Each structure stands twice: as C-alpha cells, then as structure tokens.
$ cat work.cif   # mmCIF, C-alpha atoms and all ligand atoms; chains and numbers go by the auth columns
data_final
#
loop_
_atom_site.group_PDB
_atom_site.id
_atom_site.type_symbol
_atom_site.label_atom_id
_atom_site.label_comp_id
_atom_site.label_asym_id
_atom_site.label_seq_id
_atom_site.Cartn_x
_atom_site.Cartn_y
_atom_site.Cartn_z
_atom_site.B_iso_or_equiv
_atom_site.auth_seq_id
_atom_site.auth_asym_id
ATOM 1 C CA MET A 1 199.207 257.225 170.971 0.00 943 W
ATOM 2 C CA HIS A 2 198.519 260.832 170.041 0.00 944 W
ATOM 3 C CA PRO A 3 201.152 262.482 167.783 0.00 945 W
ATOM 4 C CA GLN A 4 201.217 265.507 170.106 0.00 946 W
ATOM 5 C CA VAL A 5 202.951 263.351 172.680 0.00 947 W
ATOM 6 C CA GLU A 6 206.068 263.567 170.517 0.00 948 W
ATOM 7 C CA LYS A 7 206.769 267.169 171.455 0.00 949 W
ATOM 8 C CA PHE A 8 206.579 266.370 175.160 0.00 950 W
ATOM 9 C CA ILE A 9 208.794 263.321 175.050 0.00 951 W
ATOM 10 C CA GLU A 10 211.827 265.506 174.234 0.00 952 W
ATOM 11 C CA GLU A 11 211.399 267.378 177.532 0.00 953 W
ATOM 12 C CA GLU A 12 214.018 266.882 180.210 0.00 954 W
ATOM 13 C CA HIS A 13 212.765 266.523 183.737 0.00 955 W
ATOM 14 C CA THR A 14 215.112 266.079 186.679 0.00 956 W
ATOM 15 C CA CYS A 15 214.028 264.656 189.997 0.00 957 W
ATOM 16 C CA PRO A 16 214.630 267.223 192.784 0.00 958 W
ATOM 17 C CA HIS A 17 215.057 264.376 195.304 0.00 959 W
ATOM 18 C CA CYS A 18 217.846 262.459 193.566 0.00 960 W
ATOM 19 C CA SER A 19 218.897 264.702 190.617 0.00 961 W
ATOM 20 C CA GLN A 20 218.383 261.813 188.185 0.00 962 W
ATOM 21 C CA ARG A 21 216.705 262.256 184.833 0.00 963 W
ATOM 22 C CA MET A 22 213.075 261.212 185.033 0.00 964 W
ATOM 23 C CA SER A 23 211.478 258.643 182.736 0.00 965 W
ATOM 24 C CA CYS A 24 208.715 259.465 180.327 0.00 966 W
ATOM 25 C CA CYS A 25 205.865 257.013 180.941 0.00 967 W
ATOM 26 C CA GLU A 26 202.427 256.345 179.581 0.00 968 W
ATOM 27 C CA SER A 27 199.742 257.495 181.987 0.00 969 W
ATOM 28 C CA PRO A 28 197.804 254.755 183.730 0.00 970 W
ATOM 29 C CA PRO A 29 194.273 254.225 182.386 0.00 971 W
ATOM 30 C CA ILE A 30 191.911 256.846 183.709 0.00 972 W
ATOM 31 C CA HIS A 31 188.565 256.021 185.198 0.00 973 W
ATOM 32 C CA VAL A 32 186.225 258.766 184.130 0.00 974 W
ATOM 33 C CA GLY A 33 184.475 260.338 187.064 0.00 975 W
ATOM 34 C CA ASP A 34 186.756 259.233 189.887 0.00 976 W
ATOM 35 C CA GLY A 35 188.857 262.372 189.581 0.00 977 W
ATOM 36 C CA LEU A 36 192.140 260.493 189.321 0.00 978 W
ATOM 37 C CA GLY A 37 192.972 261.459 185.764 0.00 979 W
ATOM 38 C CA TRP A 38 196.119 263.504 185.219 0.00 980 W
ATOM 39 C CA GLY A 39 194.776 265.065 182.023 0.00 981 W
ATOM 40 C CA SER A 40 197.835 263.934 180.132 0.00 982 W
ATOM 41 C CA GLU A 41 198.743 260.891 178.102 0.00 983 W
ATOM 42 C CA ILE A 42 202.269 260.895 179.449 0.00 984 W
ATOM 43 C CA LEU A 43 203.886 261.541 182.794 0.00 985 W
ATOM 44 C CA PHE A 44 207.478 262.063 183.844 0.00 986 W
ATOM 45 C CA ILE A 45 208.308 259.806 186.754 0.00 987 W
ATOM 46 C CA CYS A 46 211.515 259.285 188.708 0.00 988 W
ATOM 47 C CA LEU A 47 212.064 255.541 188.479 0.00 989 W
ATOM 48 C CA ASN A 48 215.405 255.613 190.273 0.00 990 W
ATOM 49 C CA ASP A 49 215.194 252.869 192.908 0.00 991 W
ATOM 50 C CA GLU A 50 217.809 254.709 195.005 0.00 992 W
ATOM 51 C CA CYS A 51 215.755 257.923 195.022 0.00 993 W
ATOM 52 C CA PRO A 52 215.392 259.022 198.708 0.00 994 W
ATOM 53 C CA LEU A 53 211.711 259.866 198.203 0.00 995 W
ATOM 54 C CA PHE A 54 211.061 256.310 197.040 0.00 996 W
ATOM 55 C CA LEU A 55 213.318 254.679 199.677 0.00 997 W
ATOM 56 C CA ASN A 56 211.797 256.630 202.586 0.00 998 W
ATOM 57 C CA GLY A 57 208.253 256.378 201.260 0.00 999 W
ATOM 58 C CA TRP A 58 207.746 252.770 202.362 0.00 1000 W
ATOM 59 C CA ALA A 59 208.135 253.547 206.059 0.00 1001 W
ATOM 60 C CA GLN A 60 206.223 256.792 205.743 0.00 1002 W
ATOM 61 C CA ILE A 61 203.151 255.160 204.190 0.00 1003 W
ATOM 62 C CA GLU A 62 203.390 252.161 206.514 0.00 1004 W
ATOM 63 C CA ASN A 63 203.277 254.484 209.543 0.00 1005 W
ATOM 64 C CA GLN A 64 200.655 256.799 208.141 0.00 1006 W
ATOM 65 C CA TYR A 65 198.237 254.416 206.389 0.00 1007 W
ATOM 66 C CA GLY A 66 199.360 250.965 207.482 0.00 1008 W
ATOM 67 C CA HIS A 67 199.864 249.540 204.031 0.00 1009 W
ATOM 68 C CA HIS A 68 202.750 248.515 201.817 0.00 1010 W
ATOM 69 C CA ALA A 69 203.425 251.233 199.274 0.00 1011 W
ATOM 70 C CA SER A 70 205.805 254.064 198.503 0.00 1012 W
ATOM 71 C CA TYR A 71 206.025 257.265 196.483 0.00 1013 W
ATOM 72 C CA ARG A 72 207.543 258.064 193.124 0.00 1014 W
ATOM 73 C CA TYR A 73 208.245 261.665 192.239 0.00 1015 W
ATOM 74 C CA MET A 74 206.257 262.823 189.215 0.00 1016 W
ATOM 75 C CA GLU A 75 205.831 265.840 186.937 0.00 1017 W
ATOM 76 C CA LEU A 76 203.358 266.505 184.150 0.00 1018 W
ATOM 77 C CA PRO A 77 204.664 267.416 180.681 0.00 1019 W
ATOM 78 C CA GLY A 78 205.179 271.148 180.272 0.00 1020 W
ATOM 79 C CA SER A 79 205.177 271.638 184.034 0.00 1021 W
ATOM 80 C CA LYS A 80 207.646 271.681 186.949 0.00 1022 W
ATOM 81 C CA GLU A 81 204.896 271.382 189.515 0.00 1023 W
ATOM 82 C CA ARG A 82 205.812 268.796 192.135 0.00 1024 W
ATOM 83 C CA ASN A 83 203.626 265.723 192.339 0.00 1025 W
ATOM 84 C CA VAL A 84 203.951 262.280 193.816 0.00 1026 W
ATOM 85 C CA MET A 85 202.460 259.010 192.753 0.00 1027 W
ATOM 86 C CA MET A 86 201.743 256.120 195.076 0.00 1028 W
ATOM 87 C CA VAL A 87 203.197 252.803 193.931 0.00 1029 W
ATOM 88 C CA GLY A 88 202.642 249.332 195.369 0.00 1030 W
ATOM 89 C CA ASN A 89 205.879 247.801 194.169 0.00 1031 W
ATOM 90 C CA VAL A 90 209.334 248.592 192.835 0.00 1032 W
ATOM 91 C CA ASP A 91 208.410 247.747 189.212 0.00 1033 W
ATOM 92 C CA ALA A 92 205.313 249.912 188.939 0.00 1034 W
ATOM 93 C CA PHE A 93 205.474 252.101 185.790 0.00 1035 W
ATOM 94 C CA LYS A 94 208.680 250.480 184.553 0.00 1036 W
ATOM 95 C CA ALA A 95 206.743 248.674 181.815 0.00 1037 W
ATOM 96 C CA ALA A 96 205.128 251.973 180.810 0.00 1038 W
ATOM 97 C CA VAL A 97 208.372 253.791 179.966 0.00 1039 W
ATOM 98 C CA ILE A 98 208.160 255.208 176.463 0.00 1040 W
ATOM 99 C CA ASN A 99 211.064 254.700 174.081 0.00 1041 W
ATOM 100 C CA PRO A 100 211.360 257.952 172.069 0.00 1042 W
ATOM 101 C CA GLU A 101 212.693 256.115 169.002 0.00 1043 W
ATOM 102 C CA VAL A 102 209.716 253.742 168.948 0.00 1044 W
ATOM 103 C CA LEU A 103 207.307 256.602 169.479 0.00 1045 W
ATOM 104 C CA ARG A 104 208.814 258.645 166.662 0.00 1046 W
ATOM 105 C CA SER A 105 208.586 255.766 164.201 0.00 1047 W
ATOM 106 C CA GLN A 106 205.001 255.036 165.290 0.00 1048 W
ATOM 107 C CA ASN A 107 204.085 258.652 164.680 0.00 1049 W
ATOM 108 C CA LEU A 108 205.777 258.660 161.302 0.00 1050 W
ATOM 109 C CA ARG A 109 203.787 255.599 160.287 0.00 1051 W
ATOM 110 C CA TYR A 110 200.584 257.195 161.558 0.00 1052 W
ATOM 111 C CA GLN A 111 201.244 260.387 159.543 0.00 1053 W
ATOM 112 C CA LYS A 112 201.916 258.350 156.418 0.00 1054 W
ATOM 113 C CA GLU A 113 198.652 256.465 156.873 0.00 1055 W
ATOM 114 C CA LYS A 114 196.737 259.717 157.371 0.00 1056 W
ATOM 115 C CA GLU A 115 198.209 261.260 154.212 0.00 1057 W
ATOM 116 C CA ALA A 116 197.489 258.120 152.194 0.00 1058 W
ATOM 117 C CA VAL A 117 193.855 258.092 153.371 0.00 1059 W
ATOM 118 C CA GLN A 118 193.475 261.703 152.228 0.00 1060 W
ATOM 119 C CA ALA A 119 195.044 260.930 148.847 0.00 1061 W
ATOM 120 C CA LEU A 120 192.568 258.064 148.221 0.00 1062 W
ATOM 121 C CA ASP A 121 189.826 260.490 147.206 0.00 1063 W
ATOM 122 C CA THR A 122 191.797 261.724 144.217 0.00 1064 W
ATOM 123 C CA CYS A 123 193.893 258.643 143.429 0.00 1065 W
ATOM 124 C CA VAL A 124 191.656 257.386 140.608 0.00 1066 W
ATOM 125 C CA ALA A 125 191.533 260.810 138.910 0.00 1067 W
ATOM 126 C CA ASP A 126 195.322 261.126 139.360 0.00 1068 W
ATOM 127 C CA LYS A 127 195.955 257.494 138.336 0.00 1069 W
ATOM 128 C CA ASN A 128 198.024 257.338 141.513 0.00 1070 W
ATOM 129 C CA LEU A 129 198.514 253.857 142.919 0.00 1071 W
ATOM 130 C CA GLU A 130 200.900 254.982 145.666 0.00 1072 W
ATOM 131 C CA PRO A 131 198.504 255.832 148.533 0.00 1073 W
ATOM 132 C CA VAL A 132 196.634 252.598 147.841 0.00 1074 W
ATOM 133 C CA MET A 133 199.835 250.582 148.172 0.00 1075 W
ATOM 134 C CA VAL A 134 200.929 252.441 151.321 0.00 1076 W
ATOM 135 C CA LEU A 135 197.723 251.335 153.038 0.00 1077 W
ATOM 136 C CA LEU A 136 197.610 247.803 151.646 0.00 1078 W
ATOM 137 C CA LEU A 137 201.208 247.095 152.667 0.00 1079 W
ATOM 138 C CA ASP A 138 200.956 248.660 156.136 0.00 1080 W
ATOM 139 C CA GLU A 139 199.963 245.956 158.601 0.00 1081 W
ATOM 140 C CA ALA A 140 199.469 248.566 161.318 0.00 1082 W
ATOM 141 C CA ALA A 141 197.051 250.648 159.264 0.00 1083 W
ATOM 142 C CA ASP A 142 193.390 250.723 160.204 0.00 1084 W
ATOM 143 C CA ARG A 143 191.510 247.776 158.695 0.00 1085 W
ATOM 144 C CA ALA A 144 188.680 249.996 157.379 0.00 1086 W
ATOM 145 C CA ASN A 145 191.253 252.196 155.598 0.00 1087 W
ATOM 146 C CA ARG A 146 192.890 249.159 154.031 0.00 1088 W
ATOM 147 C CA THR A 147 189.535 247.801 152.863 0.00 1089 W
ATOM 148 C CA ARG A 148 188.799 251.163 151.263 0.00 1090 W
ATOM 149 C CA ALA A 149 192.230 251.163 149.603 0.00 1091 W
ATOM 150 C CA LEU A 150 191.437 247.766 148.137 0.00 1092 W
ATOM 151 C CA GLU A 151 188.282 249.146 146.497 0.00 1093 W
ATOM 152 C CA PHE A 152 190.381 251.886 144.919 0.00 1094 W
ATOM 153 C CA MET A 153 192.951 249.358 143.786 0.00 1095 W
ATOM 154 C CA VAL A 154 190.286 247.573 141.750 0.00 1096 W
ATOM 155 C CA LYS A 155 189.086 250.902 140.329 0.00 1097 W
ATOM 156 C CA LEU A 156 192.653 251.883 139.360 0.00 1098 W
ATOM 157 C CA ASN A 157 192.971 248.553 137.560 0.00 1099 W
ATOM 158 C CA ASP A 158 196.769 248.876 137.438 0.00 1100 W
ATOM 159 C CA LEU A 159 198.787 245.662 137.095 0.00 1101 W
ATOM 160 C CA GLN A 160 201.679 247.346 138.983 0.00 1102 W
ATOM 161 C CA CYS A 161 199.893 246.582 142.235 0.00 1103 W
ATOM 162 C CA ILE A 162 200.359 242.834 141.896 0.00 1104 W
ATOM 163 C CA ASP A 163 204.080 242.270 142.550 0.00 1105 W
ATOM 164 C CA PRO A 164 204.302 244.260 145.808 0.00 1106 W
ATOM 165 C CA LEU A 165 201.245 242.425 147.157 0.00 1107 W
ATOM 166 C CA ARG A 166 202.545 239.011 146.115 0.00 1108 W
ATOM 167 C CA ASN A 167 205.804 239.786 147.916 0.00 1109 W
ATOM 168 C CA HIS A 168 204.148 241.082 151.068 0.00 1110 W
ATOM 169 C CA ALA A 169 203.808 238.974 154.220 0.00 1111 W
ATOM 170 C CA PHE A 170 200.245 239.566 155.395 0.00 1112 W
ATOM 171 C CA ARG A 171 199.485 239.099 159.062 0.00 1113 W
ATOM 172 C CA ASP A 172 195.749 239.294 158.445 0.00 1114 W
ATOM 173 C CA ILE A 173 194.847 236.171 156.449 0.00 1115 W
ATOM 174 C CA ALA A 174 191.270 237.261 155.777 0.00 1116 W
ATOM 175 C CA PHE A 175 192.572 240.508 154.314 0.00 1117 W
ATOM 176 C CA GLU A 176 195.145 238.641 152.234 0.00 1118 W
ATOM 177 C CA ASN A 177 192.298 236.614 150.721 0.00 1119 W
ATOM 178 C CA GLU A 178 190.438 239.815 149.846 0.00 1120 W
ATOM 179 C CA CYS A 179 193.610 241.111 148.171 0.00 1121 W
ATOM 180 C CA ASN A 180 193.938 237.903 146.165 0.00 1122 W
ATOM 181 C CA LEU A 181 190.341 238.207 144.947 0.00 1123 W
ATOM 182 C CA ALA A 182 190.998 241.827 143.941 0.00 1124 W
ATOM 183 C CA ILE A 183 194.177 240.807 142.082 0.00 1125 W
ATOM 184 C CA ASN A 184 192.228 238.134 140.201 0.00 1126 W
ATOM 185 C CA SER A 185 189.607 240.643 139.126 0.00 1127 W
ATOM 186 C CA ILE A 186 192.310 243.080 137.932 0.00 1128 W
ATOM 187 C CA LEU A 187 194.044 240.332 135.937 0.00 1129 W
ATOM 188 C CA LYS A 188 190.726 239.388 134.369 0.00 1130 W
ATOM 189 C CA ALA A 189 189.867 243.001 133.531 0.00 1131 W
ATOM 190 C CA ASN A 190 193.244 243.332 131.774 0.00 1132 W
ATOM 191 C CA PHE A 191 192.874 239.976 129.935 0.00 1133 W
ATOM 192 C CA LYS A 192 195.917 238.645 131.787 0.00 1134 W
ATOM 193 C CA LYS A 193 196.890 235.708 133.973 0.00 1135 W
ATOM 194 C CA GLU A 194 199.900 234.774 136.079 0.00 1136 W
ATOM 195 C CA CYS A 195 202.192 232.013 134.883 0.00 1137 W
ATOM 196 C CA PRO A 196 202.021 229.337 137.608 0.00 1138 W
ATOM 197 C CA SER A 197 205.707 228.555 137.101 0.00 1139 W
ATOM 198 C CA CYS A 198 207.533 231.941 136.992 0.00 1140 W
ATOM 199 C CA PHE A 199 204.654 234.185 138.169 0.00 1141 W
ATOM 200 C CA GLU A 200 205.187 236.649 135.329 0.00 1142 W
ATOM 201 C CA ILE A 201 201.975 238.175 133.985 0.00 1143 W
ATOM 202 C CA VAL A 202 201.035 236.881 130.537 0.00 1144 W
ATOM 203 C CA LYS A 203 198.074 237.192 128.173 0.00 1145 W
ATOM 204 C CA ALA A 204 194.986 235.288 129.289 0.00 1146 W
ATOM 205 C CA GLN A 205 194.848 233.341 126.037 0.00 1147 W
ATOM 206 C CA ALA A 206 198.572 232.378 126.031 0.00 1148 W
ATOM 207 C CA VAL A 207 199.250 228.628 125.847 0.00 1149 W
ATOM 208 C CA LYS A 208 202.995 228.982 126.458 0.00 1150 W
ATOM 209 C CA CYS A 209 204.700 231.400 128.894 0.00 1151 W
ATOM 210 C CA MET A 210 206.826 233.908 126.967 0.00 1152 W
ATOM 211 C CA HIS A 211 209.127 234.255 129.988 0.00 1153 W
ATOM 212 C CA CYS A 212 209.883 230.700 131.069 0.00 1154 W
ATOM 213 C CA GLY A 213 208.397 228.545 128.309 0.00 1155 W
ATOM 214 C CA GLU A 214 205.980 226.771 130.629 0.00 1156 W
ATOM 215 C CA ILE A 215 203.025 225.236 128.812 0.00 1157 W
ATOM 216 C CA LEU A 216 199.894 226.942 130.113 0.00 1158 W
ATOM 217 C CA LYS A 217 196.416 225.494 130.266 0.00 1159 W
HETATM 218 ZN ZN ZN B . 214.273 260.748 192.271 0.00 1 D
HETATM 219 ZN ZN ZN B . 206.456 231.591 133.125 0.00 2 D
#

$ encode --input "work.cif" --output "structure tokens" --more "lines below"
Ligand SMILES: [Zn+2]
Ligand SMILES: [Zn+2]
Amino acid sequence: MHPQVEKFIEEEHTCPHCSQRMSCCESPPIHVGDGLGWGSEILFICLNDECPLFLNGWAQIENQYGHHASYRYMELPGSKERNVMMVGNVDAFKAAVINPEVLRSQNLRYQKEKEAVQALDTCVADKNLEPVMVLLLDEAADRANRTRALEFMVKLNDLQCIDPLRNHAFRDIAFENECNLAINSILKANFKKECPSCFEIVKAQAVKCMHCGEILK
C-alpha cells in the first residue's frame, strides 16, 4: 500500500446516521473504464450493523430494485461529502478494515527498504555493509533488490555478513541457496572456511579448529 495512505488513516470520520466512528477500509479493486473507481486507496465506511441506514437499506433496495442488498454510509479521505456504498451482505468490507498499527509498521519497513536500495550505489565506496544486510534479511523486500544486494555483498567481501545470514530464517529457499553460494565465494576470497563443528571462521589451510579443537580436513 502507498505510504501516503498513512496520513489519511489518522482521520476521524463519524457516521451522520448512527454517530459511530467509521472504519478505514481498503478500496475494492477498481475496474478501469467502468467509472466505478473512487480515486482513493482507502475509504471510510460505517460498518456498524445497527446503523439505521444499513438496517433500513435492505427493505429500500428490495422495494426499489428487487434484490437483496443494503447501503453502508461512506466518506472519502479528506472529505465529508456524503456517499453510500451498496453491499450484498453484512460482512462486506469487514475483511478490508485497515489496522493502523500494521499499516504504520508496513510503511516503516517500506521506507527502510527504499533507503537501503539508495545506499547500495555507494556502499562499496563507503565499505558499508549495512544497507546490504537490511535487504538480505528483509523477507518482505523486493526480490530484485535483494538479488542486487547480494551482488554488492560479494563485492564488499566482508566476513561480517556471514553470521547474520547463517542465523536468519529464509522463507525463500532459492534465495537462501544464492546467499550460501555468495558466502562460500567470500570465504574463499578471504582464504577462510567455517569449522563444521563450531561454525567459527578459521583459516582455509587450518587442520585443527583454534576455537573448538575439531580436527579439520
Ligand atoms: Zn452509521
Ligand atoms: Zn571449531
């Protein structure tokens, strides 16, 4: 969802029919060209099931159009203009209610991803592993951005990247494999290997782990 939505979600809208606070909902998908779009990603809708507009709407629509539906009161963000929305059942829009907390954390994550992507361009010159790690460890980040971050990780050739990746639970197995290949190439480029017993990083030519004493092949 667009970060601009965040400023609208704080708005308070009150239903003039029942005086209840209206819910902030995601707009239904818009079909381009049919003129039904509201021009907004979010809508404020009165979802109070005791709202007189909603309760009386069933009979009104039945009499007028002969089908089973009712009205929900609706306002657009930034507007007090009165609108109604036709709904076919009591649960319509209830699954589309936006939780402000969830939205705020989604936007925060999105901002962090955007900043990290921008910082990639200078991360090698700055020897800055941080934006690379932000993207690699963010399962919600765009896959193309994460793939790009991985290329920069290899260029940075910094062994500090290994532990956070080894401790990360990847949801994307294919991407995890790409990360493992990149880690291997970084170890090789630094003449290092991981001890198979304690997972500390040791010299490639070591025959005994200096950390745990394991005999290495
Ligand atoms: Zn109402
Ligand atoms: Zn060891």

$ atom_distance --input "work.cif" --atom1 "CA of Asn1087 in chain W" --atom2 "CA of Leu1071 in chain W"
14.7 Å

$ resolve_selection --input "work.cif" --expression "the PyMOL selection byres (((not hetatm)) within 9 of (chain D and resi 1))" --output "PDB file with C-alpha atoms, in the coordinates of the input"
ATOM      1  CA  THR W 956     215.112 266.079 186.679  1.00  0.00           C
ATOM      2  CA  CYS W 957     214.028 264.656 189.997  1.00  0.00           C
ATOM      3  CA  PRO W 958     214.630 267.223 192.784  1.00  0.00           C
ATOM      4  CA  HIS W 959     215.057 264.376 195.304  1.00  0.00           C
ATOM      5  CA  CYS W 960     217.846 262.459 193.566  1.00  0.00           C
ATOM      6  CA  SER W 961     218.897 264.702 190.617  1.00  0.00           C
ATOM      7  CA  GLN W 962     218.383 261.813 188.185  1.00  0.00           C
ATOM      8  CA  ARG W 963     216.705 262.256 184.833  1.00  0.00           C
ATOM      9  CA  MET W 964     213.075 261.212 185.033  1.00  0.00           C
ATOM     10  CA  ILE W 987     208.308 259.806 186.754  1.00  0.00           C
ATOM     11  CA  CYS W 988     211.515 259.285 188.708  1.00  0.00           C
ATOM     12  CA  LEU W 989     212.064 255.541 188.479  1.00  0.00           C
ATOM     13  CA  ASN W 990     215.405 255.613 190.273  1.00  0.00           C
ATOM     14  CA  ASP W 991     215.194 252.869 192.908  1.00  0.00           C
ATOM     15  CA  GLU W 992     217.809 254.709 195.005  1.00  0.00           C
ATOM     16  CA  CYS W 993     215.755 257.923 195.022  1.00  0.00           C
ATOM     17  CA  PRO W 994     215.392 259.022 198.708  1.00  0.00           C
ATOM     18  CA  LEU W 995     211.711 259.866 198.203  1.00  0.00           C
ATOM     19  CA  PHE W 996     211.061 256.310 197.040  1.00  0.00           C
ATOM     20  CA  ARG W1014     207.543 258.064 193.124  1.00  0.00           C
ATOM     21  CA  TYR W1015     208.245 261.665 192.239  1.00  0.00           C
ATOM     22  CA  MET W1016     206.257 262.823 189.215  1.00  0.00           C
TER      23      MET W1016
END

$ residues_near_ligand --input "work.cif" --ligand "ligand ZN 2 (chain D)" --cutoff "9 Å" --atoms "all atoms listed in the file" --output "ChimeraX atom specification"
/W:1136-1144,1150-1158

$ residues_around --input "work.cif" --residues "Asn1126 in chain W" --least-positions-apart "6" --cutoff "10 Å" --atoms "only C-alpha atoms" --output "number ranges by chain"
W: 1096, 1104, 1120, 1132, 1134-1136

$ axis_aligned_box --input "work.cif" --around "range 946-958 of chain W" --padding-each-side "4 Å" --output "AutoDock Vina command-line options"
--center_x 208.2 --center_y 265.3 --center_z 181.4 --size_x 21.9 --size_y 12.1 --size_z 30.7

$ closest_residue --input "work.cif" --among "W:Asp1100, W:Glu1118, W:Asp1105, W:Glu954" --to "Gly1020 in chain W" --atoms "only C-alpha atoms"
W:Glu954

$ closest_residue --input "work.cif" --among "W:Lys1056, W:Arg1085, W:His955, W:His1010" --to "Arg1024 in chain W" --atoms "all atoms listed in the file"
W:His955

$ residues_around --input "work.cif" --residues "Cys1065 in chain W" --least-positions-apart "5" --cutoff "9 Å" --atoms "all atoms listed in the file" --output "ChimeraX atom specification"
/W:1070-1074,1094,1098

$ resolve_selection --input "work.cif" --expression "the PyMOL selection byres (((chain W and resi 1089) around 10) and not hetatm)" --output "number ranges by chain"
W: 1074, 1077-1078, 1084-1088, 1090-1095, 1117, 1120-1121

$ resolve_selection --input "work.cif" --expression "the PyMOL selection byres (((chain W and resi 1081) around 8) and not hetatm)" --output "VMD selection string"
chain W and resid 1078 to 1080 1082 to 1083 1112 to 1114

$ closest_residue --input "work.cif" --among "W:Ala1116, W:Gln1053, W:Lys1097, W:Val1039" --to "Ala1131 in chain W" --atoms "all atoms listed in the file"
W:Lys1097
